[in-house]
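Visitor: Sharing a structure below in structure tokens format, with a few things to ask.
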Amino acid sequence: MRNNRILGCFFFFFLSAFVKGDDPYRFFTWTVTYGDIYPLGVKQQGILINGQFPGPQIESVTNDNLIISVFNNLTDPFLISWNGVQQRRNSWQDGVYGTNCPIPPGKNFTYVLQVKDQIGTYFYFPPLAFHKAAGGFGGLKVLSRPLIPVPFPPPAGDFTILAGDWFKANHTALKAILDSGHSLPFPDGLLINGRGWNGYTFTVDQGKTYRFRISNVGLTTSINFRIQGHMMKLVEVEGSHTLQNTYSSLDIHLGQSYSVLVTANQSPKDYYIVVSSRFTTPVLTTTAILHYSNSAGGVSGPPPGGPTIQIDWSLNQARSIRWNLTASGPRPNPQGSYHYGMINTSRSIRLANSAPIINGKQRYAVNSVSFIPPDTPLKVADYYKISGVFSLGSISDNPTGGGGYLQTSVMAADFRSYVEIVFENYEDTVQSWHIDGYSFFVVGMDGGQWTPASRLSYNLRDTVARCTVQVYPKSWSTVYMSLDNVGMWNIRSENWARQYLGQQFYFRVYSPVNSWRDEYPIPKNALLCGRASGRRTRPL
């Protein structure tokens, strides 16, 4: 008993060293296992968390401390990353291989993270070894604190929808296809919350309004979301309250999350909730059920159709999504009090994706560099000053136009600088880009070649701040971003095959001041691997 008390004191001291003591704690214990799943009617090996596919929902409030102990009962090393959680001053908890050593089979690791100054709709997922194709993902929502005004009345219910494309093949078979240098086949179908056609039901009361949080957790495909006979009022995108425009359907690209309000104002029966693929031939479709509690009948007729390959439609809808300047975000001050468009950028970075063949195999690249994982996580190597793991400047600020090559690519950046990043897509497929550790302002997107004159079309007043942005075929998208978060941050394609085969790199945001004010030190419980094996973190 005495030893347990001592260990408890050590663990409490460990937590208090990293998180603000007056903010609430939420504790989670997760056991990760393989298990049989049948999402498309075929038996597959899935990744379950506490026996669930998808995994448990994380419910939190701004500034909560999330203490998540993960026990890895797989036969493979495992990690979990937190899509959209900014990990303020704490890239040690980001959960990607560039920052964290994997959890070995049979071992556990406790993530200690805080949803600092955030609200909104996000999700978590497993980033290693193409595990995402087997599950291991779940919803993560951050509610506003009780005294912070929210720009709409409390909904009668709050539903999470995790949707995306799916393959009948096990993740190991898909990984083998990519490792052999080939492209993935076309997906076999779409899922809503881990289930196929009409496999999930959302029950509502007539006359009441509900919040639906929709995330595209798929691997390769943009989707369109709609509800038969019902309009959707957009209220939040990845932590930003939006102007409350009304839509009959919404395009949601890989890795993106949206919140909509839906009022059950139709005749009491059942209605289709529809997810269909975008920019694909053929078009994949799946459905769930919106069930009125006083329903007089089931769904009828075919599911309503939606847009299929129309790019202009999607681009115009994306441009219509605007910041609610008068609404509070995670703090009581209005979102619009931050005048992002009045700050001069100190650096312009242009990033172009490509699909080179390297050594006879299909790879994907950013500015001609196809990322290869190092033998030691970059953040760990940087902390211990281990040479030879990576080189700063190993990826250019601009497209090179040259052939692709393999490299562990890391770009250097200065803390507190304000940058313009232009994503340029010369290919015929939609791209989706995510930046860990940050929320950025999507100031512009258009077709054709980006030039300095394109800046004249930027929205410098009320564009939305988010963490994942699409780039349409033969098009560009530009974001403004304040580098206010020190750490080693992953910039990646959310197309998981492209990410796996090299369309990613790391952004090292550096402060020369060795201070907890700028960045937390290495966690005491950090796992060490590769060339850092056998070293010490910090004494208890």
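Chain lettering (A, B, ...) mirrors the order of the structure tokens, residue numbering begins at 1 for each chain separately, and ligand numbering begins at 1 in order of display.
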Write out as a PyMOL selection string all residues of segment 285-395 of chain A that backbone DSSP assigns to helix (DSSP H, G or I).
Guide: chain A and resi 311-320+335-337+340-342+378-384
Visitor: Considering only C-alpha atoms, return as a list in words whatever protein or nucleic-acid residues lie within 7 Å of Phe440 of chain A, sequence-local ones (same chain, fewer than 2 positions apart) excluded.
Guide: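 Here the answer would be Tyr438, Val442, Ala465, Arg466, Cys467, Val479, Tyr480 and Met481 of chain A.
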Visitor: Using only C-alpha atoms, which residues sit within 7 Å of Arg145 of chain A once same-chain residues fewer than 3 positions away are excluded, as a PyMOL selection string?
Guide: chain A and resi 61-62+148
Visitor: Could you dump the residues just selected with N, CA and C atoms as a PDB file, in the first residue's frame?
Guide:
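That gives us again-v6.pdb:
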ATOM      1  N   VAL A  61     -13.691  19.726 -22.487  1.00  0.00           N
ATOM      2  CA  VAL A  61     -14.008  21.145 -22.437  1.00  0.00           C
ATOM      3  C   VAL A  61     -12.697  21.906 -22.581  1.00  0.00           C
ATOM      4  N   THR A  62     -12.755  23.095 -23.160  1.00  0.00           N
ATOM      5  CA  THR A  62     -11.561  23.928 -23.326  1.00  0.00           C
ATOM      6  C   THR A  62     -10.662  23.879 -22.092  1.00  0.00           C
ATOM      7  N   ILE A 148     -18.420  30.973 -21.467  1.00  0.00           N
ATOM      8  CA  ILE A 148     -18.074  31.507 -22.787  1.00  0.00           C
ATOM      9  C   ILE A 148     -19.302  31.411 -23.690  1.00  0.00           C
TER      10      ILE A 148
END
Visitor: Select from segment 154-239 of chain A every residue with an atom at most 10 Å from any atom of segment 36-46 of chain A, then for each give the shortest pair of atoms and their distance in Å to one decimal, using only C-alpha atoms, rows by chain and rising number, as a Markdown table.
Guide:
| residue | atom | partner | partner_atom | distance |
| --- | --- | --- | --- | --- |
| A:Trp166 | CA | A:Leu40 | CA | 8.4 |
| A:Phe167 | CA | A:Leu40 | CA | 8.5 |
| A:Lys168 | CA | A:Val42 | CA | 6.8 |
| A:Ala169 | CA | A:Gln44 | CA | 7.2 |
| A:Asn170 | CA | A:Gln44 | CA | 6.0 |
| A:His171 | CA | A:Gln45 | CA | 8.0 |
| A:Thr172 | CA | A:Gln45 | CA | 9.3 |
| A:Asp188 | CA | A:Leu40 | CA | 8.2 |
| A:Gly189 | CA | A:Leu40 | CA | 7.4 |
| A:Leu190 | CA | A:Leu40 | CA | 8.5 |
| A:Leu191 | CA | A:Pro39 | CA | 7.3 |
| A:Ile192 | CA | A:Pro39 | CA | 9.4 |
| A:Asn193 | CA | A:Pro39 | CA | 9.4 |
| A:Gly194 | CA | A:Pro39 | CA | 5.9 |
| A:Arg195 | CA | A:Pro39 | CA | 4.9 |
| A:Gly196 | CA | A:Leu40 | CA | 5.7 |
| A:Trp197 | CA | A:Leu40 | CA | 8.4 |
| A:Gly199 | CA | A:Pro39 | CA | 8.9 |
Visitor: Find, counting only C-alpha atoms, the residue in A:Leu406, A:Ile349, A:Ile252, A:Ala134 that gets nearest to Gly502 of chain A.
Guide: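 Residue with the minimum atom-to-atom distance to Gly502 of chain A: A:Leu406.
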Visitor: For Ala264 of chain A, work out the shell of residues within 8 Å, counting only C-alpha atoms and skipping chain neighbours fewer than 3 positions away, then give it as a list of chain:residue names.
Guide: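 Here the qualifying residues turn out to be A:Val204, A:Asp205, A:Gln206, A:Gly207, A:Lys208, A:Thr209, A:Tyr210, A:His230, A:Tyr292.
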Visitor: Residues as selected, N, CA, C and O atoms, written as a PDB file, in the first residue's frame, can you do that?
Guide:
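Wrote it out as again_3.pdb, contents follow:
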ATOM      1  N   VAL A 204     -34.115  11.280 -33.302  1.00  0.00           N
ATOM      2  CA  VAL A 204     -34.376  12.686 -32.972  1.00  0.00           C
ATOM      3  C   VAL A 204     -35.850  12.865 -32.631  1.00  0.00           C
ATOM      4  O   VAL A 204     -36.696  12.062 -33.034  1.00  0.00           O
ATOM      5  N   ASP A 205     -36.134  13.924 -31.891  1.00  0.00           N
ATOM      6  CA  ASP A 205     -37.521  14.293 -31.580  1.00  0.00           C
ATOM      7  C   ASP A 205     -37.981  15.386 -32.534  1.00  0.00           C
ATOM      8  O   ASP A 205     -37.242  16.361 -32.779  1.00  0.00           O
ATOM      9  N   GLN A 206     -39.164  15.248 -33.040  1.00  0.00           N
ATOM     10  CA  GLN A 206     -39.690  16.223 -33.995  1.00  0.00           C
ATOM     11  C   GLN A 206     -39.719  17.623 -33.364  1.00  0.00           C
ATOM     12  O   GLN A 206     -40.099  17.805 -32.211  1.00  0.00           O
ATOM     13  N   GLY A 207     -39.267  18.602 -34.148  1.00  0.00           N
ATOM     14  CA  GLY A 207     -39.272  19.987 -33.713  1.00  0.00           C
ATOM     15  C   GLY A 207     -38.009  20.438 -33.002  1.00  0.00           C
ATOM     16  O   GLY A 207     -37.829  21.640 -32.770  1.00  0.00           O
ATOM     17  N   LYS A 208     -37.128  19.522 -32.665  1.00  0.00           N
ATOM     18  CA  LYS A 208     -35.904  19.877 -31.950  1.00  0.00           C
ATOM     19  C   LYS A 208     -34.720  19.974 -32.915  1.00  0.00           C
ATOM     20  O   LYS A 208     -34.740  19.429 -34.018  1.00  0.00           O
ATOM     21  N   THR A 209     -33.681  20.683 -32.461  1.00  0.00           N
ATOM     22  CA  THR A 209     -32.479  20.915 -33.271  1.00  0.00           C
ATOM     23  C   THR A 209     -31.307  20.145 -32.683  1.00  0.00           C
ATOM     24  O   THR A 209     -31.104  20.136 -31.458  1.00  0.00           O
ATOM     25  N   TYR A 210     -30.518  19.538 -33.568  1.00  0.00           N
ATOM     26  CA  TYR A 210     -29.411  18.666 -33.168  1.00  0.00           C
ATOM     27  C   TYR A 210     -28.120  19.101 -33.858  1.00  0.00           C
ATOM     28  O   TYR A 210     -28.139  19.623 -34.975  1.00  0.00           O
ATOM     29  N   HIS A 230     -33.727  17.652 -45.328  1.00  0.00           N
ATOM     30  CA  HIS A 230     -33.325  18.551 -44.251  1.00  0.00           C
ATOM     31  C   HIS A 230     -32.168  19.442 -44.701  1.00  0.00           C
ATOM     32  O   HIS A 230     -31.254  18.975 -45.379  1.00  0.00           O
ATOM     33  N   TYR A 292     -37.101   9.717 -36.675  1.00  0.00           N
ATOM     34  CA  TYR A 292     -37.945  10.513 -35.780  1.00  0.00           C
ATOM     35  C   TYR A 292     -38.524   9.589 -34.709  1.00  0.00           C
ATOM     36  O   TYR A 292     -39.037   8.506 -35.025  1.00  0.00           O
TER      37      TYR A 292
END
Visitor: Which residues come within 6 Å of segment 96-105 of chain A, counting only C-alpha atoms, excluding same-chain residues fewer than 3 positions away, as a PyMOL selection string?
Guide: chain A and resi 72-79+81+92+377-379+527-529
Visitor: Rank A:Gly301, A:Pro523, A:Gly341, A:Gly402 by their smallest atom-to-atom distance to Pro356 of chain A, using only C-alpha atoms, and report the top residue only.
Guide: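 Under the stated criterion, the closest residue is A:Gly402.
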